[in-house]
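Report on one structure; see the data block that follows.
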Amino acid sequence: MSNPAKIPEGFEARKSKILAELSIPDEEYTDLSPKGSVDEGIRDLIRDINTLPGLVTTSSCAGRISVFLEGRKQQQQQEQQRLFAPSGGKGAGRWLYVSHEPLKHNGQASGEHAGGEKQRKDTRTLHDLFGMIPGDGKPPAWKGQAPRLVRFHFEPLILHIMTANLHHAYPVLSAASSSGFRESGLQSLRCLEGDDDGPSPIVAVRSAGLALESVIGYCDDNDAEDDPTSDTPIIRSLVTDEYLEMLIAISNERFSVNTERKERFRKSLLDLYSADQSQGPKAKGKSKPPGWEDPEKRRERKRAEGLMRKKLLESQTNAAPTESDNDGIDDLLE
């Protein structure tokens with residue numbers, strides 16, 4: 001039988017390549033996220049995970065507040081049954097604001113625009129910060145084609161961890177579930193069909209319960225053929241500045257909960273790996289208390305004690321036992 005803790009060479013090669021990319025200096029490293037690099041708030045967790053055998057992170061987000069303007073896809077014009085573009089930040093569209101840490105209420109906005117410009121000690125209103133013009137709260141009228149909406153999002157931590165095999169995936173799933181990331185799971189079931197050198201299971205650590213989304217504005221397109229990537233679109237708000245402040249307050253609270261869950265996950269995962277290493281690859285279940293013995297050993301011990309007691313009783317058949325004799329029997333049994 002193959003050792004489930006054995007790490008395939010194919011996984012080690014993938015891990016080495018990923019770690020080499022992560023070691024690139026920040027000013028040279030880029031990825032597909034709006035920020036373009038690993039979030040500061042999750043670097044310690046990623047470093048700890050990547051030191052564990054059989055695990056390596058492939059993508060991550062520490063959690064973020066974002067404001068996103070939907071794009072208009074070309075095929076959308078042919079889909080008469082769909083009036084609004086799908087929700088989310090992927091595909092056509094543009095980021096109006098992104099922050100991977102809480103946004104301060106007192107005019108000190110902590111975050112960045114999509115271009116990476118830092119926003120510090122900014123006294124502008126939230127409408128100005130998000131690049132919107134205050135409106136009258138009325139939705140726009142449209143003919144045949146819905147407007148491009150502006151969506152406010154709070155998204156909690158999401159982490160993808162490649163594992164060497166299902167044996168290494170189990171503690172990740174266990175730690176994630178017990179730490180509040182209850183929607184975590186395997187990214188694909190292809191790993192169930194592969195051999196030791198086949199696809200490595202990827203565990204997605206996530207929790208939808210903390211997510212928040214709200215439509216807060218729209219793009220005032222005068223022409224359906226307007227370029228969605230234009231640098232100066234007219235974006236009108238559907239909400240008040242007070243409503244935006246409420247969304248920020250809710251998001252900041254969820255940032256705190258998100259951080260607590262992240263720390264619980266880190267501690268639980270490290271504890272599980274530490275226990276697994278100390279008990280060996282064949283250890284299963286919880287650690288046993290001192291003096292514990294399995295049923296087979298207990299039966300052997302009871303049988304040996306019974307035989308000893310029988311011999312002692314037989315040797316005393318023709319003689320009345322004295323107090324000292326009884327003490328001797330007790331000593332042997334002990």
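Each chain of the structure tokens is named A, B, ... in the order shown, its residues numbered from 1; ligands are numbered from 1 in display order.
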
- If you count only C-alpha atoms, which residues fall within 8 Å of A:Pro140, apart from same-chain ones fewer than 2 positions away, as a ChimeraX atom specification? /A:138,142,147,218,220

- Item | A:Ser179 surroundings by only C-alpha atoms, 8 Å radius, close-in-sequence under 2 positions cut, as a count of residues only | 10

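For the pair atom CA of A:Gly71 and atom CA of A:Ala92, the separation is 4.4 Å.
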
- Suppose you want the space between atom CA of A:Trp95 and atom CA of A:Met132; what is it in Å? 12.5 Å

- Query: Distance atom CA of A:Arg206-atom CA of A:Leu247, one decimal place?
  - Reply: 21.3 Å

- Selection near A:His100, 7 Å with only C-alpha atoms, sequence-local residues under 3 positions removed, as a VMD selection string: chain A and resid 62 to 65 111

Using the selection just defined, write its residues with all heavy atoms as a PDB file, in the first residue's frame.
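Generated output (out02.pdb):
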ATOM      1  N   ALA A  62      -6.760  39.074   0.892  1.00  0.00           N
ATOM      2  CA  ALA A  62      -6.922  39.218   2.335  1.00  0.00           C
ATOM      3  C   ALA A  62      -8.309  39.695   2.720  1.00  0.00           C
ATOM      4  O   ALA A  62      -8.695  39.632   3.874  1.00  0.00           O
ATOM      5  CB  ALA A  62      -5.875  40.187   2.881  1.00  0.00           C
ATOM      6  N   GLY A  63      -9.099  40.138   1.735  1.00  0.00           N
ATOM      7  CA  GLY A  63     -10.375  40.790   1.982  1.00  0.00           C
ATOM      8  C   GLY A  63     -10.289  42.207   1.435  1.00  0.00           C
ATOM      9  O   GLY A  63      -9.208  42.822   1.463  1.00  0.00           O
ATOM     10  N   ARG A  64     -11.401  42.736   0.932  1.00  0.00           N
ATOM     11  CA  ARG A  64     -11.312  44.059   0.333  1.00  0.00           C
ATOM     12  C   ARG A  64     -12.657  44.753   0.251  1.00  0.00           C
ATOM     13  O   ARG A  64     -13.710  44.112   0.217  1.00  0.00           O
ATOM     14  CB  ARG A  64     -10.697  43.978  -1.065  1.00  0.00           C
ATOM     15  CG  ARG A  64     -11.594  43.302  -2.107  1.00  0.00           C
ATOM     16  CD  ARG A  64     -10.877  43.133  -3.429  1.00  0.00           C
ATOM     17  NE  ARG A  64     -11.710  42.437  -4.400  1.00  0.00           N
ATOM     18  CZ  ARG A  64     -11.272  41.931  -5.551  1.00  0.00           C
ATOM     19  NH1 ARG A  64      -9.994  42.034  -5.849  1.00  0.00           N
ATOM     20  NH2 ARG A  64     -12.082  41.321  -6.377  1.00  0.00           N
ATOM     21  N   ILE A  65     -12.584  46.074   0.203  1.00  0.00           N
ATOM     22  CA  ILE A  65     -13.707  46.928  -0.173  1.00  0.00           C
ATOM     23  C   ILE A  65     -13.439  47.371  -1.602  1.00  0.00           C
ATOM     24  O   ILE A  65     -12.320  47.775  -1.933  1.00  0.00           O
ATOM     25  CB  ILE A  65     -13.798  48.160   0.750  1.00  0.00           C
ATOM     26  CG1 ILE A  65     -14.158  47.750   2.183  1.00  0.00           C
ATOM     27  CG2 ILE A  65     -14.823  49.154   0.220  1.00  0.00           C
ATOM     28  CD1 ILE A  65     -14.085  48.896   3.171  1.00  0.00           C
ATOM     29  N   GLY A 111      -6.735  53.276   1.073  1.00  0.00           N
ATOM     30  CA  GLY A 111      -7.043  52.430  -0.075  1.00  0.00           C
ATOM     31  C   GLY A 111      -6.332  52.935  -1.302  1.00  0.00           C
ATOM     32  O   GLY A 111      -5.365  53.678  -1.231  1.00  0.00           O
TER      33      GLY A 111
END

- Counting only C-alpha atoms, the option among A:Leu22, A:Cys219, A:Pro53, A:Glu12 closest to A:Ala141: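 Of A:Leu22, A:Cys219, A:Pro53, A:Glu12, the one nearest A:Ala141 is A:Cys219, counting only C-alpha atoms.
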
- Message: Give me, as a list in words, all polymer residues having an atom no more than 12 Å from A:Glu40, counting only C-alpha atoms and skipping those fewer than 4 positions away in the same chain.
- Response: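 My reading of the contact set: Asp26, Lys35, Gly36, Asp44, Leu45, Ile46, Arg47, Ser60, Cys61, Ala62, Gly63, Arg64, Ser99, His100 and Glu101 of chain A.
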
Filtering to N, CA, C and O atoms, could you give me those residues as a PDB file, in the first residue's frame?
ATOM      1  N   ASP A  26       8.683  43.139  -4.667  1.00  0.00           N
ATOM      2  CA  ASP A  26       7.365  43.724  -4.885  1.00  0.00           C
ATOM      3  C   ASP A  26       7.318  44.632  -6.105  1.00  0.00           C
ATOM      4  O   ASP A  26       6.339  44.652  -6.842  1.00  0.00           O
ATOM      5  N   LYS A  35      -4.689  45.061  -7.475  1.00  0.00           N
ATOM      6  CA  LYS A  35      -3.532  45.565  -6.734  1.00  0.00           C
ATOM      7  C   LYS A  35      -2.231  45.191  -7.426  1.00  0.00           C
ATOM      8  O   LYS A  35      -1.269  45.944  -7.414  1.00  0.00           O
ATOM      9  N   GLY A  36      -2.197  43.990  -8.038  1.00  0.00           N
ATOM     10  CA  GLY A  36      -1.024  43.571  -8.781  1.00  0.00           C
ATOM     11  C   GLY A  36       0.043  42.877  -7.971  1.00  0.00           C
ATOM     12  O   GLY A  36       1.104  42.545  -8.494  1.00  0.00           O
ATOM     13  N   ASP A  44       1.958  37.031   5.964  1.00  0.00           N
ATOM     14  CA  ASP A  44       2.444  36.137   7.014  1.00  0.00           C
ATOM     15  C   ASP A  44       1.775  34.771   6.936  1.00  0.00           C
ATOM     16  O   ASP A  44       2.421  33.732   7.105  1.00  0.00           O
ATOM     17  N   LEU A  45       0.459  34.769   6.665  1.00  0.00           N
ATOM     18  CA  LEU A  45      -0.266  33.502   6.538  1.00  0.00           C
ATOM     19  C   LEU A  45       0.259  32.704   5.350  1.00  0.00           C
ATOM     20  O   LEU A  45       0.472  31.488   5.451  1.00  0.00           O
ATOM     21  N   ILE A  46       0.474  33.363   4.233  1.00  0.00           N
ATOM     22  CA  ILE A  46       0.986  32.679   3.042  1.00  0.00           C
ATOM     23  C   ILE A  46       2.375  32.096   3.315  1.00  0.00           C
ATOM     24  O   ILE A  46       2.678  30.960   2.916  1.00  0.00           O
ATOM     25  N   ARG A  47       3.215  32.865   4.000  1.00  0.00           N
ATOM     26  CA  ARG A  47       4.560  32.362   4.314  1.00  0.00           C
ATOM     27  C   ARG A  47       4.485  31.114   5.190  1.00  0.00           C
ATOM     28  O   ARG A  47       5.195  30.124   4.955  1.00  0.00           O
ATOM     29  N   SER A  60      -4.683  34.468  -3.688  1.00  0.00           N
ATOM     30  CA  SER A  60      -5.196  34.886  -2.391  1.00  0.00           C
ATOM     31  C   SER A  60      -5.722  36.309  -2.448  1.00  0.00           C
ATOM     32  O   SER A  60      -5.350  37.091  -3.323  1.00  0.00           O
ATOM     33  N   CYS A  61      -6.598  36.620  -1.506  1.00  0.00           N
ATOM     34  CA  CYS A  61      -7.053  37.984  -1.267  1.00  0.00           C
ATOM     35  C   CYS A  61      -7.349  38.088   0.224  1.00  0.00           C
ATOM     36  O   CYS A  61      -8.089  37.275   0.772  1.00  0.00           O
ATOM     37  N   ALA A  62      -6.760  39.074   0.892  1.00  0.00           N
ATOM     38  CA  ALA A  62      -6.922  39.218   2.335  1.00  0.00           C
ATOM     39  C   ALA A  62      -8.309  39.695   2.720  1.00  0.00           C
ATOM     40  O   ALA A  62      -8.695  39.632   3.874  1.00  0.00           O
ATOM     41  N   GLY A  63      -9.099  40.138   1.735  1.00  0.00           N
ATOM     42  CA  GLY A  63     -10.375  40.790   1.982  1.00  0.00           C
ATOM     43  C   GLY A  63     -10.289  42.207   1.435  1.00  0.00           C
ATOM     44  O   GLY A  63      -9.208  42.822   1.463  1.00  0.00           O
ATOM     45  N   ARG A  64     -11.401  42.736   0.932  1.00  0.00           N
ATOM     46  CA  ARG A  64     -11.312  44.059   0.333  1.00  0.00           C
ATOM     47  C   ARG A  64     -12.657  44.753   0.251  1.00  0.00           C
ATOM     48  O   ARG A  64     -13.710  44.112   0.217  1.00  0.00           O
ATOM     49  N   SER A  99      -9.705  48.784  -1.722  1.00  0.00           N
ATOM     50  CA  SER A  99      -8.954  48.884  -0.478  1.00  0.00           C
ATOM     51  C   SER A  99      -8.898  47.505   0.172  1.00  0.00           C
ATOM     52  O   SER A  99      -9.920  46.856   0.323  1.00  0.00           O
ATOM     53  N   HIS A 100      -7.697  47.084   0.559  1.00  0.00           N
ATOM     54  CA  HIS A 100      -7.528  45.798   1.221  1.00  0.00           C
ATOM     55  C   HIS A 100      -7.398  45.945   2.738  1.00  0.00           C
ATOM     56  O   HIS A 100      -6.915  45.041   3.417  1.00  0.00           O
ATOM     57  N   GLU A 101      -7.822  47.060   3.250  1.00  0.00           N
ATOM     58  CA  GLU A 101      -7.854  47.294   4.689  1.00  0.00           C
ATOM     59  C   GLU A 101      -9.028  48.218   4.987  1.00  0.00           C
ATOM     60  O   GLU A 101      -9.593  48.824   4.070  1.00  0.00           O
TER      61      GLU A 101
END

- Task: Tell me which protein, DNA and RNA residues are within 7 Å of A:Val205, counting only C-alpha atoms, leaving out same-chain ones fewer than 2 positions away, and put them as a list in words.
- Result: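 Here the qualifying residues turn out to be Ile158, Leu159, His160, Ala176, Phe181, Ser184, Gly185 and Val203 of chain A.
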
- Task: Identify, on the basis of only C-alpha atoms, every residue whose closest approach to A:Pro102 does not exceed 12 Å; exclude the query and any residue fewer than 2 positions from it along the same chain; express the result as a VMD selection string.
- Result: chain A and resid 41 62 to 66 98 to 100 104 to 105 108 to 112 154 to 156 247 to 259

- Among the residues of stretch 232-272 of chain A, find those DSSP assigns to alpha helix (DSSP H) from the backbone and print them as a PyMOL selection string. chain A and resi 241-272
